[in-house]
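Structure file data-v2.cif; described as mmCIF, C-alpha atoms.
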data_input
#
loop_
_atom_site.label_atom_id
_atom_site.label_comp_id
_atom_site.auth_asym_id
_atom_site.auth_seq_id
_atom_site.Cartn_x
_atom_site.Cartn_y
_atom_site.Cartn_z
CA MET T 1 0.00 0.00 0.00
CA ASP T 2 1.31 3.44 -0.92
CA VAL T 3 2.39 5.52 2.07
CA ILE T 4 0.48 8.68 1.05
CA GLU T 5 -2.67 6.59 0.59
CA ALA T 6 -2.09 4.85 3.95
CA LEU T 7 -1.73 8.20 5.75
CA ARG T 8 -4.96 9.42 4.18
CA ASN T 9 -7.12 6.31 4.54
CA ARG T 10 -6.21 4.78 7.90
CA ARG T 11 -9.17 4.80 10.29
CA SER T 12 -9.72 3.43 13.78
CA ILE T 13 -11.11 -0.11 13.68
CA ARG T 14 -12.94 -1.29 16.79
CA LYS T 15 -14.40 -4.66 15.74
CA PHE T 16 -12.40 -7.69 14.72
CA THR T 17 -12.90 -11.22 13.38
CA ASN T 18 -11.61 -14.25 15.29
CA ASP T 19 -8.73 -14.74 12.84
CA PRO T 20 -5.39 -14.61 14.59
CA VAL T 21 -2.74 -12.01 13.82
CA SER T 22 0.39 -13.87 12.71
CA ASN T 23 3.58 -13.48 14.69
CA ASP T 24 5.24 -12.33 11.50
CA ASP T 25 2.79 -9.42 11.16
CA LEU T 26 3.09 -8.61 14.85
CA LYS T 27 6.86 -8.32 14.47
CA LYS T 28 6.45 -6.00 11.48
CA ILE T 29 4.16 -3.78 13.54
CA LEU T 30 6.59 -3.60 16.46
CA GLU T 31 9.44 -2.95 14.02
CA ALA T 32 7.52 0.03 12.67
CA GLY T 33 7.20 1.37 16.21
CA ARG T 34 10.88 0.78 16.81
CA TRP T 35 11.84 3.04 13.88
CA ALA T 36 9.91 6.08 15.12
CA PRO T 37 11.96 9.23 15.74
CA SER T 38 12.63 10.47 19.28
CA GLY T 39 14.40 13.44 20.81
CA LEU T 40 18.13 12.73 21.17
CA ASN T 41 17.21 9.33 19.69
CA ASN T 42 16.44 8.19 23.25
CA GLN T 43 13.81 5.63 22.10
CA PRO T 44 11.97 5.67 25.43
CA TRP T 45 9.13 3.36 24.29
CA ARG T 46 8.66 -0.15 25.66
CA PHE T 47 6.12 -2.71 24.51
CA LEU T 48 4.15 -5.46 26.22
CA ILE T 49 1.95 -7.88 24.27
CA ILE T 50 -1.22 -8.84 26.09
CA THR T 51 -2.79 -12.09 24.96
CA SER T 52 -4.04 -13.71 28.18
CA ASP T 53 -7.82 -13.79 28.44
CA ASP T 54 -7.55 -13.39 32.18
CA GLN T 55 -5.62 -10.10 31.86
CA ARG T 56 -8.04 -8.94 29.20
CA LYS T 57 -11.03 -9.55 31.46
CA LYS T 58 -9.40 -7.76 34.37
CA LEU T 59 -8.44 -4.78 32.18
CA ILE T 60 -12.04 -4.05 31.30
CA GLU T 61 -13.62 -4.63 34.71
CA GLY T 62 -15.61 -1.48 35.39
CA HIS T 63 -14.50 0.20 32.14
CA THR T 64 -17.33 -0.31 29.70
CA GLU T 65 -16.20 2.45 27.31
CA TYR T 66 -13.52 0.29 25.69
CA ALA T 67 -14.63 -3.18 26.87
CA HIS T 68 -16.05 -4.31 23.50
CA VAL T 69 -12.82 -3.35 21.73
CA VAL T 70 -10.55 -5.13 24.21
CA ARG T 71 -12.79 -8.21 24.07
CA SER T 72 -12.84 -8.27 20.27
CA ALA T 73 -9.16 -7.56 19.59
CA ASN T 74 -6.87 -10.44 18.73
CA VAL T 75 -3.80 -8.72 20.18
CA LEU T 76 -3.28 -5.80 22.53
CA ILE T 77 0.00 -3.90 22.61
CA ALA T 78 0.58 -1.87 25.77
CA VAL T 79 2.96 1.01 25.08
CA PHE T 80 4.95 2.50 27.94
CA LEU T 81 7.70 5.06 28.43
CA ASP T 82 10.75 3.77 30.26
CA LYS T 83 11.11 6.40 32.98
CA GLU T 84 14.89 6.05 33.12
CA SER T 85 15.16 6.77 29.37
CA LYS T 86 12.97 9.89 29.49
CA TYR T 87 14.59 13.31 29.09
CA ASN T 88 11.71 15.74 28.51
CA HIS T 89 8.07 15.01 29.26
CA VAL T 90 6.58 16.83 26.25
CA LYS T 91 9.09 15.42 23.76
CA ASP T 92 8.85 11.89 25.16
CA CYS T 93 5.04 11.96 24.95
CA GLN T 94 5.31 13.27 21.37
CA GLY T 95 7.75 10.46 20.59
CA ALA T 96 5.33 7.91 22.02
CA GLY T 97 2.66 9.40 19.74
CA ALA T 98 4.93 9.01 16.71
CA CYS T 99 5.71 5.43 17.74
CA ILE T 100 2.04 4.53 18.23
CA GLN T 101 1.13 6.14 14.91
CA ASN T 102 3.88 4.17 13.14
CA MET T 103 2.36 0.96 14.52
CA LEU T 104 -1.19 1.98 13.50
CA LEU T 105 0.04 2.73 9.98
CA ALA T 106 1.81 -0.64 9.79
CA ILE T 107 -1.37 -2.37 10.99
CA HIS T 108 -3.34 -0.63 8.24
CA GLY T 109 -0.64 -1.32 5.65
CA LEU T 110 -0.77 -5.03 6.46
CA GLY T 111 -4.52 -5.16 5.84
CA LEU T 112 -5.26 -5.40 9.55
CA GLY T 113 -7.16 -2.92 11.68
CA GLY T 114 -6.40 -1.24 14.96
CA VAL T 115 -7.32 1.49 17.36
CA TRP T 116 -5.41 3.69 19.80
CA LEU T 117 -6.94 3.28 23.26
CA GLY T 118 -6.01 6.51 25.00
CA GLU T 119 -8.57 6.72 27.78
CA ILE T 120 -7.07 3.62 29.38
CA ILE T 121 -4.18 5.72 30.73
CA ASN T 122 -6.65 7.22 33.19
CA GLN T 123 -6.61 3.75 34.80
CA GLU T 124 -2.84 3.47 34.83
CA GLU T 125 -2.67 2.08 38.38
CA ASP T 126 -5.12 -0.72 37.58
CA VAL T 127 -3.33 -1.55 34.33
CA HIS T 128 -0.01 -1.93 36.15
CA LYS T 129 -1.65 -4.24 38.69
CA VAL T 130 -3.21 -6.43 35.99
CA LEU T 131 -0.06 -6.61 33.85
CA GLY T 132 2.38 -6.94 36.74
CA THR T 133 4.38 -3.98 35.47
CA ASP T 134 6.03 -1.47 37.78
CA LYS T 135 4.81 2.11 37.92
CA ALA T 136 8.19 3.14 39.30
CA ASN T 137 9.84 2.26 35.97
CA LEU T 138 7.12 2.46 33.34
CA GLU T 139 4.60 5.14 32.39
CA LEU T 140 1.58 3.92 30.43
CA MET T 141 1.14 5.80 27.14
CA ALA T 142 -1.64 3.82 25.40
CA VAL T 143 -2.88 0.38 24.47
CA ILE T 144 -3.23 -0.52 20.80
CA ALA T 145 -6.00 -3.02 20.04
CA LEU T 146 -5.67 -4.87 16.76
CA GLY T 147 -6.91 -7.74 14.67
CA HIS T 148 -8.46 -8.58 11.33
CA PRO T 149 -11.12 -5.92 10.68
CA ASP T 150 -14.76 -6.93 10.95
CA ALA T 151 -16.08 -3.41 10.32
CA SER T 152 -14.91 -0.39 8.43
CA GLY T 153 -13.91 2.79 10.20
CA SER T 154 -15.22 6.25 9.56
CA SER T 155 -14.30 9.61 10.93
CA SER T 156 -13.89 13.11 9.63
CA ARG T 157 -11.41 15.92 10.00
CA LYS T 158 -11.49 19.70 10.01
CA ASP T 159 -10.77 21.38 6.68
CA LEU T 160 -7.11 22.20 6.20
CA SER T 161 -8.01 25.90 6.10
CA GLU T 162 -9.19 25.66 9.73
CA LEU T 163 -5.79 24.33 10.78
CA MET T 164 -3.69 26.99 9.06
CA ILE T 165 -2.66 29.94 11.22
CA GLU T 166 -2.15 31.90 8.01
CA PRO T 167 -3.81 30.93 4.72
CA LEU T 168 -1.76 28.72 2.43
CA GLY T 169 -0.84 30.38 -0.89
CA ASP T 170 -1.89 28.84 -4.22
CA MET F 171 6.44 4.02 -1.91
CA ASP F 172 5.13 1.14 0.20
CA VAL F 173 4.05 2.18 3.67
CA ILE F 174 5.94 -0.59 5.51
CA GLU F 175 9.09 0.35 3.61
CA ALA F 176 8.53 4.07 4.36
CA LEU F 177 8.14 3.38 8.08
CA ARG F 178 11.36 1.40 8.06
CA ASN F 179 13.53 3.62 5.87
CA ARG F 180 12.61 7.21 6.78
CA ARG F 181 15.55 9.06 8.29
CA SER F 182 16.11 12.65 9.39
CA ILE F 183 17.52 14.78 6.57
CA ARG F 184 19.33 17.96 7.60
CA LYS F 185 20.80 19.26 4.32
CA PHE F 186 18.80 20.33 1.30
CA THR F 187 19.32 21.49 -2.29
CA ASN F 188 18.03 24.87 -3.47
CA ASP F 189 15.16 23.26 -5.40
CA PRO F 190 11.80 24.53 -4.20
CA VAL F 191 9.15 22.30 -2.65
CA SER F 192 6.02 22.57 -4.81
CA ASN F 193 2.84 23.89 -3.29
CA ASP F 194 1.17 20.68 -4.37
CA ASP F 195 3.63 18.60 -2.32
CA LEU F 196 3.31 20.99 0.63
CA LYS F 197 -0.46 20.49 0.61
CA LYS F 198 -0.05 16.70 0.55
CA ILE F 199 2.25 16.95 3.57
CA LEU F 200 -0.19 19.11 5.54
CA GLU F 201 -3.05 16.79 4.51
CA ALA F 202 -1.13 13.88 6.00
CA GLY F 203 -0.82 15.82 9.27
CA ARG F 204 -4.52 16.64 9.16
CA TRP F 205 -5.45 12.95 9.08
CA ALA F 206 -3.54 12.01 12.25
CA PRO F 207 -5.59 10.53 15.09
CA SER F 208 -6.28 12.51 18.26
CA GLY F 209 -8.05 11.84 21.54
CA LEU F 210 -11.77 12.56 21.20
CA ASN F 211 -10.83 13.54 17.61
CA ASN F 212 -10.09 17.04 18.95
CA GLN F 213 -7.45 17.73 16.23
CA PRO F 214 -5.62 20.31 18.36
CA TRP F 215 -2.79 20.88 15.84
CA ARG F 216 -2.30 24.13 13.97
CA PHE F 217 0.27 24.84 11.25
CA LEU F 218 2.23 27.88 10.17
CA ILE F 219 4.43 27.88 7.08
CA ILE F 220 7.61 29.91 7.47
CA THR F 221 9.17 31.06 4.22
CA SER F 222 10.41 34.58 4.99
CA ASP F 223 14.19 34.86 5.09
CA ASP F 224 13.92 37.53 7.74
CA GLN F 225 11.99 35.22 10.11
CA ARG F 226 14.40 32.40 9.34
CA LYS F 227 17.38 34.57 10.30
CA LYS F 228 15.75 35.71 13.51
CA LEU F 229 14.79 32.14 14.47
CA ILE F 230 18.39 30.99 14.50
CA GLU F 231 19.96 34.01 16.18
CA GLY F 232 21.95 32.58 19.06
CA HIS F 233 20.85 29.00 18.35
CA THR F 234 23.68 27.42 16.44
CA GLU F 235 22.54 23.84 17.09
CA TYR F 236 19.85 23.93 14.39
CA ALA F 237 20.98 27.01 12.42
CA HIS F 238 22.42 25.09 9.45
CA VAL F 239 19.20 23.08 9.07
CA VAL F 240 16.92 26.14 9.22
CA ARG F 241 19.17 27.96 6.74
CA SER F 242 19.26 25.02 4.32
CA ALA F 243 15.55 24.05 4.45
CA ASN F 244 13.26 25.17 1.65
CA VAL F 245 10.19 25.22 3.89
CA LEU F 246 9.66 25.24 7.64
CA ILE F 247 6.38 24.10 9.17
CA ALA F 248 5.77 25.32 12.72
CA VAL F 249 3.40 22.96 14.53
CA PHE F 250 1.40 24.27 17.48
CA LEU F 251 -1.36 23.05 19.77
CA ASP F 252 -4.41 25.28 19.89
CA LYS F 253 -4.78 25.76 23.64
CA GLU F 254 -8.57 26.07 23.45
CA SER F 255 -8.82 22.71 21.67
CA LYS F 256 -6.65 20.86 24.19
CA TYR F 257 -8.25 18.41 26.58
CA ASN F 258 -5.39 16.44 28.14
CA HIS F 259 -1.75 17.49 28.05
CA VAL F 260 -0.26 14.00 27.60
CA LYS F 261 -2.75 12.94 24.94
CA ASP F 262 -2.52 16.24 23.05
CA CYS F 263 1.30 16.04 23.00
CA GLN F 264 1.03 12.42 21.78
CA GLY F 265 -1.41 13.55 19.09
CA ALA F 266 1.02 16.27 18.00
CA GLY F 267 3.70 13.57 17.75
CA ALA F 268 1.45 11.43 15.54
CA CYS F 269 0.66 14.46 13.38
CA ILE F 270 4.34 15.42 13.00
CA GLN F 271 5.25 11.83 12.18
CA ASN F 272 2.51 11.67 9.52
CA MET F 273 4.04 14.75 7.88
CA LEU F 274 7.57 13.32 8.07
CA LEU F 275 6.36 10.11 6.44
CA ALA F 276 4.59 12.05 3.69
CA ILE F 277 7.78 14.09 3.10
CA HIS F 278 9.73 10.85 2.75
CA GLY F 279 7.05 9.25 0.58
CA LEU F 280 7.18 12.21 -1.81
CA GLY F 281 10.93 11.80 -2.27
CA LEU F 282 11.68 14.86 -0.15
CA GLY F 283 13.57 14.97 3.12
CA GLY F 284 12.78 16.48 6.49
CA VAL F 285 13.71 16.66 10.11
CA TRP F 286 11.79 17.19 13.35
CA LEU F 287 13.31 20.15 15.20
CA GLY F 288 12.36 19.48 18.78
CA GLU F 289 14.92 21.51 20.70
CA ILE F 290 13.43 24.71 19.29
CA ILE F 291 10.53 24.45 21.76
CA ASN F 292 12.99 25.42 24.47
CA GLN F 293 12.95 28.86 22.77
CA GLU F 294 9.17 29.05 22.56
CA GLU F 295 8.99 32.70 23.67
CA ASP F 296 11.46 33.83 21.01
CA VAL F 297 9.67 31.80 18.32
CA HIS F 298 6.34 33.45 19.16
CA LYS F 299 7.99 36.88 18.94
CA VAL F 300 9.55 36.15 15.55
CA LEU F 301 6.41 34.59 14.07
CA GLY F 302 3.96 37.05 15.59
CA THR F 303 1.96 34.20 17.12
CA ASP F 304 0.28 34.42 20.50
CA LYS F 305 1.50 32.31 23.40
CA ALA F 306 -1.90 32.72 25.06
CA ASN F 307 -3.52 30.68 22.27
CA LEU F 308 -0.79 28.52 20.80
CA GLU F 309 1.72 26.09 22.30
CA LEU F 310 4.76 25.32 20.15
CA MET F 311 5.21 21.58 19.54
CA ALA F 312 7.98 21.48 16.93
CA VAL F 313 9.25 22.89 13.67
CA ILE F 314 9.62 20.58 10.68
CA ALA F 315 12.39 21.56 8.25
CA LEU F 316 12.06 20.15 4.75
CA GLY F 317 13.30 20.31 1.22
CA HIS F 318 14.89 18.23 -1.52
CA PRO F 319 17.54 16.07 0.15
CA ASP F 320 21.18 16.92 -0.44
CA ALA F 321 22.48 14.24 1.92
CA SER F 322 21.32 10.85 3.08
CA GLY F 323 20.31 10.24 6.66
CA SER F 324 21.61 7.59 8.98
CA SER F 325 20.67 6.56 12.46
CA SER F 326 20.27 3.38 14.38
CA ARG F 327 17.79 1.91 16.82
CA LYS F 328 17.88 -0.46 19.78
CA ASP F 329 17.15 -4.11 19.01
CA LEU F 330 13.49 -4.99 19.32
CA SER F 331 14.39 -7.39 22.13
CA GLU F 332 15.55 -4.41 24.22
CA LEU F 333 12.15 -2.75 23.83
CA MET F 334 10.04 -5.76 24.82
CA ILE F 335 9.02 -5.93 28.48
CA GLU F 336 8.50 -9.66 28.01
CA PRO F 337 10.17 -11.62 25.20
CA LEU F 338 8.13 -12.03 22.04
CA GLY F 339 7.25 -15.67 21.26
CA ASP F 340 8.28 -17.31 17.98
#

I need this file expressed as structure tokens, please.
Amino acid sequence: MDVIEALRNRRSIRKFTNDPVSNDDLKKILEAGRWAPSGLNNQPWRFLIITSDDQRKKLIEGHTEYAHVVRSANVLIAVFLDKESKYNHVKDCQGAGACIQNMLLAIHGLGLGGVWLGEIINQEEDVHKVLGTDKANLELMAVIALGHPDASGSSSRKDLSELMIEPLGD
Amino acid sequence: MDVIEALRNRRSIRKFTNDPVSNDDLKKILEAGRWAPSGLNNQPWRFLIITSDDQRKKLIEGHTEYAHVVRSANVLIAVFLDKESKYNHVKDCQGAGACIQNMLLAIHGLGLGGVWLGEIINQEEDVHKVLGTDKANLELMAVIALGHPDASGSSSRKDLSELMIEPLGD
């Protein structure tokens, strides 16, 4: 898939078939995240693959807003910042965003679907408990839910003119 | 260019030829930024194109670390967050990172080169003065420098195994 087309047509996918994501595809997705840019090339991102049904169930207890997505997804990738590798909060969060976006674009490019679960970071303490990760070392940035798409995505954007501080010339 | 290849092979480019970036390409780059994902789809990013030589000169006064890049670039895109559109600092900074990365990937996909100038946000006050933008409304996220590449980029990344909190199965 052409990169310009992928950037334009990727949408969040929240419903998946039961088909498994191959390990080969999963590696390609993580590789895409690995190659994201970061300030001072500090690469603060760390990944944890969640596949256990028990962890999945515990993650959504009391959190109905993303429960159907977590239940439906074939794979969940938890993305953290390694606190020791951080150097600037804004730039490290931006870097995590670039890394997550790289993975979402790879997912789309591979014919899979995925969605960036951002609200889950409001439950960071619970997530650490369920995953057995340590809040002292790792800061939760997002969870990516992915699988083979069983629905198409749709969303809109502001016109470019609304985003330009000064009008773009012809 | 294939998206998986683009994700893998994009590198920061810091030296450019004198060839101009076409307005058509510039629009494609901004379009790619426009289609980035954001929390609650709030699309907090705003763009300002810097082409004036006078602004360029003032931007690098006293900041030798990125002076050669700013001088060499054909176009500079200042990326801000619209403070009124923000809803969560971490998620909005992540969204800006996704938006910047989308533009860097489009730049690469179009056969151009670009680099994410992150350190410039340490001079946010000066940048606002030079650009005539208002700190009360806009928070500087980065400046993207771009043009036709006059050098190849090179950088390395940690092994995927170093980024995995638990080893990836086969």

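Proximity ranking of F:Leu210, F:Val313, F:Ala268, F:Ala306 relative to chain T places F:Ala268 first, based on all atoms listed in the file.
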
Leaving out range 112-118 of chain T and any residue of its chain fewer than 6 positions from it, which residues lie within 7 Å of it when counting only C-alpha atoms, given as a list of chain:residue names?
-> T:Ser12, T:Ile13, T:Arg14, T:Leu104, T:Ala142, T:Val143, T:Ile144, T:Ala145, T:Leu146, T:Gly147, T:His148, T:Pro149, F:Gly209

At most 7 Å to chain F: residues in chain T, only C-alpha atoms, as a PyMOL selection string | chain T and resi 1-4+6-8+23+31-32+34-35+39+45-48+90+93-98+101-102+106+109+118+157+160+163-166+170

Pull out every residue that the PyMOL selection byres ((chain T and resi 17) around 10) matches in the shown coordinates and put them as a list in words.
-> Lys15, Phe16, Asn18, Asp19, Pro20, Ser72, Ala73, Asn74, Gly147, His148, Pro149, Asp150 and Ala151 of chain T

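The two atoms in question, CA of Val75 in chain T and CA of Lys58 in chain T, are spaced 15.3 Å apart.
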
Could you write out as JSON the box around range 139-151 of chain T (axis-aligned, all atoms listed in the file, 4 Å on each side), with centre and edge lengths in Å to one decimal?
{"center_x": -5.7, "center_y": -1.4, "center_z": 21.4, "size_x": 28.7, "size_y": 22.4, "size_z": 30.1}

Mind doing a quick least-squares superposition of chain F onto chain T, all C-alpha atoms paired one-to-one in order, and writing it out as a compact mmCIF listing (two decimals) with C-alpha atoms, keeping the file's coordinate frame?
# COMPACT_ATOMS: atom_id res chain seq x y z
CA MET F 171 -0.01 0.00 0.01
CA ASP F 172 1.30 3.45 -0.92
CA VAL F 173 2.37 5.51 2.06
CA ILE F 174 0.48 8.67 1.04
CA GLU F 175 -2.67 6.60 0.58
CA ALA F 176 -2.12 4.86 3.96
CA LEU F 177 -1.74 8.20 5.74
CA ARG F 178 -4.95 9.42 4.18
CA ASN F 179 -7.12 6.31 4.54
CA ARG F 180 -6.21 4.79 7.91
CA ARG F 181 -9.15 4.80 10.29
CA SER F 182 -9.72 3.42 13.78
CA ILE F 183 -11.13 -0.11 13.68
CA ARG F 184 -12.94 -1.30 16.80
CA LYS F 185 -14.40 -4.67 15.76
CA PHE F 186 -12.40 -7.70 14.72
CA THR F 187 -12.91 -11.23 13.38
CA ASN F 188 -11.62 -14.26 15.29
CA ASP F 189 -8.74 -14.75 12.83
CA PRO F 190 -5.39 -14.61 14.58
CA VAL F 191 -2.74 -12.00 13.82
CA SER F 192 0.40 -13.85 12.69
CA ASN F 193 3.57 -13.48 14.68
CA ASP F 194 5.25 -12.32 11.50
CA ASP F 195 2.79 -9.42 11.15
CA LEU F 196 3.09 -8.61 14.86
CA LYS F 197 6.87 -8.31 14.47
CA LYS F 198 6.46 -5.99 11.47
CA ILE F 199 4.15 -3.79 13.54
CA LEU F 200 6.58 -3.59 16.47
CA GLU F 201 9.45 -2.94 14.02
CA ALA F 202 7.53 0.03 12.67
CA GLY F 203 7.20 1.38 16.23
CA ARG F 204 10.90 0.78 16.81
CA TRP F 205 11.84 3.03 13.88
CA ALA F 206 9.92 6.09 15.12
CA PRO F 207 11.96 9.23 15.75
CA SER F 208 12.64 10.47 19.27
CA GLY F 209 14.40 13.46 20.80
CA LEU F 210 18.12 12.75 21.16
CA ASN F 211 17.19 9.33 19.69
CA ASN F 212 16.44 8.19 23.25
CA GLN F 213 13.81 5.63 22.09
CA PRO F 214 11.97 5.68 25.43
CA TRP F 215 9.15 3.35 24.29
CA ARG F 216 8.66 -0.14 25.66
CA PHE F 217 6.10 -2.71 24.51
CA LEU F 218 4.14 -5.46 26.20
CA ILE F 219 1.95 -7.87 24.27
CA ILE F 220 -1.24 -8.84 26.09
CA THR F 221 -2.79 -12.10 24.95
CA SER F 222 -4.04 -13.70 28.18
CA ASP F 223 -7.82 -13.80 28.45
CA ASP F 224 -7.56 -13.40 32.19
CA GLN F 225 -5.63 -10.10 31.87
CA ARG F 226 -8.04 -8.95 29.18
CA LYS F 227 -11.02 -9.56 31.46
CA LYS F 228 -9.40 -7.76 34.36
CA LEU F 229 -8.44 -4.78 32.18
CA ILE F 230 -12.04 -4.04 31.29
CA GLU F 231 -13.62 -4.62 34.69
CA GLY F 232 -15.62 -1.48 35.37
CA HIS F 233 -14.51 0.20 32.13
CA THR F 234 -17.33 -0.31 29.70
CA GLU F 235 -16.19 2.44 27.31
CA TYR F 236 -13.49 0.28 25.70
CA ALA F 237 -14.62 -3.19 26.87
CA HIS F 238 -16.05 -4.31 23.51
CA VAL F 239 -12.82 -3.35 21.72
CA VAL F 240 -10.55 -5.14 24.21
CA ARG F 241 -12.79 -8.21 24.07
CA SER F 242 -12.87 -8.27 20.27
CA ALA F 243 -9.16 -7.56 19.60
CA ASN F 244 -6.86 -10.44 18.73
CA VAL F 245 -3.80 -8.71 20.18
CA LEU F 246 -3.28 -5.80 22.54
CA ILE F 247 -0.01 -3.88 22.61
CA ALA F 248 0.59 -1.87 25.78
CA VAL F 249 2.96 1.02 25.08
CA PHE F 250 4.95 2.51 27.95
CA LEU F 251 7.70 5.06 28.43
CA ASP F 252 10.75 3.77 30.26
CA LYS F 253 11.11 6.40 32.98
CA GLU F 254 14.90 6.06 33.11
CA SER F 255 15.16 6.77 29.38
CA LYS F 256 12.98 9.89 29.50
CA TYR F 257 14.58 13.29 29.08
CA ASN F 258 11.72 15.73 28.51
CA HIS F 259 8.07 15.00 29.26
CA VAL F 260 6.59 16.83 26.25
CA LYS F 261 9.09 15.42 23.77
CA ASP F 262 8.86 11.88 25.17
CA CYS F 263 5.04 11.96 24.97
CA GLN F 264 5.32 13.27 21.38
CA GLY F 265 7.77 10.46 20.59
CA ALA F 266 5.34 7.91 22.03
CA GLY F 267 2.66 9.40 19.75
CA ALA F 268 4.92 9.01 16.71
CA CYS F 269 5.71 5.43 17.73
CA ILE F 270 2.03 4.53 18.23
CA GLN F 271 1.13 6.13 14.91
CA ASN F 272 3.88 4.16 13.13
CA MET F 273 2.35 0.95 14.51
CA LEU F 274 -1.18 1.99 13.50
CA LEU F 275 0.04 2.72 9.98
CA ALA F 276 1.82 -0.64 9.78
CA ILE F 277 -1.37 -2.38 11.00
CA HIS F 278 -3.32 -0.63 8.25
CA GLY F 279 -0.63 -1.32 5.65
CA LEU F 280 -0.76 -5.04 6.47
CA GLY F 281 -4.51 -5.15 5.85
CA LEU F 282 -5.27 -5.40 9.56
CA GLY F 283 -7.17 -2.92 11.68
CA GLY F 284 -6.39 -1.23 14.97
CA VAL F 285 -7.33 1.48 17.37
CA TRP F 286 -5.42 3.69 19.81
CA LEU F 287 -6.95 3.28 23.27
CA GLY F 288 -6.01 6.50 24.99
CA GLU F 289 -8.58 6.72 27.77
CA ILE F 290 -7.09 3.63 29.39
CA ILE F 291 -4.19 5.72 30.74
CA ASN F 292 -6.66 7.23 33.18
CA GLN F 293 -6.62 3.75 34.80
CA GLU F 294 -2.84 3.48 34.83
CA GLU F 295 -2.67 2.07 38.38
CA ASP F 296 -5.13 -0.72 37.59
CA VAL F 297 -3.33 -1.55 34.33
CA HIS F 298 -0.01 -1.92 36.15
CA LYS F 299 -1.66 -4.24 38.69
CA VAL F 300 -3.21 -6.43 36.00
CA LEU F 301 -0.06 -6.61 33.87
CA GLY F 302 2.38 -6.95 36.74
CA THR F 303 4.38 -3.98 35.48
CA ASP F 304 6.05 -1.47 37.77
CA LYS F 305 4.82 2.11 37.93
CA ALA F 306 8.21 3.16 39.29
CA ASN F 307 9.85 2.25 35.96
CA LEU F 308 7.12 2.45 33.35
CA GLU F 309 4.61 5.14 32.38
CA LEU F 310 1.58 3.93 30.43
CA MET F 311 1.14 5.79 27.12
CA ALA F 312 -1.63 3.81 25.41
CA VAL F 313 -2.89 0.38 24.47
CA ILE F 314 -3.25 -0.51 20.80
CA ALA F 315 -6.01 -3.03 20.04
CA LEU F 316 -5.67 -4.88 16.75
CA GLY F 317 -6.90 -7.74 14.67
CA HIS F 318 -8.48 -8.58 11.33
CA PRO F 319 -11.13 -5.93 10.68
CA ASP F 320 -14.77 -6.93 10.96
CA ALA F 321 -16.07 -3.42 10.34
CA SER F 322 -14.91 -0.39 8.42
CA GLY F 323 -13.91 2.79 10.18
CA SER F 324 -15.21 6.25 9.55
CA SER F 325 -14.28 9.61 10.93
CA SER F 326 -13.89 13.10 9.64
CA ARG F 327 -11.41 15.93 10.03
CA LYS F 328 -11.51 19.72 10.02
CA ASP F 329 -10.77 21.40 6.69
CA LEU F 330 -7.11 22.20 6.21
CA SER F 331 -8.02 25.89 6.09
CA GLU F 332 -9.19 25.66 9.72
CA LEU F 333 -5.79 24.32 10.78
CA MET F 334 -3.68 26.98 9.05
CA ILE F 335 -2.67 29.95 11.21
CA GLU F 336 -2.14 31.91 8.00
CA PRO F 337 -3.80 30.93 4.71
CA LEU F 338 -1.75 28.73 2.42
CA GLY F 339 -0.86 30.39 -0.90
CA ASP F 340 -1.88 28.85 -4.24

Could you tell me, as a PDB file with C-alpha atoms, in the frame of the given file, which residues have any atom at most 9 Å from (6.7, 29.4, 25.3), counting only C-alpha atoms?
ATOM      1  CA  ILE F 291      10.530  24.450  21.760  1.00  0.00           C
ATOM      2  CA  ASN F 292      12.990  25.420  24.470  1.00  0.00           C
ATOM      3  CA  GLN F 293      12.950  28.860  22.770  1.00  0.00           C
ATOM      4  CA  GLU F 294       9.170  29.050  22.560  1.00  0.00           C
ATOM      5  CA  GLU F 295       8.990  32.700  23.670  1.00  0.00           C
ATOM      6  CA  ASP F 296      11.460  33.830  21.010  1.00  0.00           C
ATOM      7  CA  VAL F 297       9.670  31.800  18.320  1.00  0.00           C
ATOM      8  CA  HIS F 298       6.340  33.450  19.160  1.00  0.00           C
ATOM      9  CA  LYS F 305       1.500  32.310  23.400  1.00  0.00           C
ATOM     10  CA  LEU F 308      -0.790  28.520  20.800  1.00  0.00           C
ATOM     11  CA  GLU F 309       1.720  26.090  22.300  1.00  0.00           C
ATOM     12  CA  LEU F 310       4.760  25.320  20.150  1.00  0.00           C
TER      13      LEU F 310
END
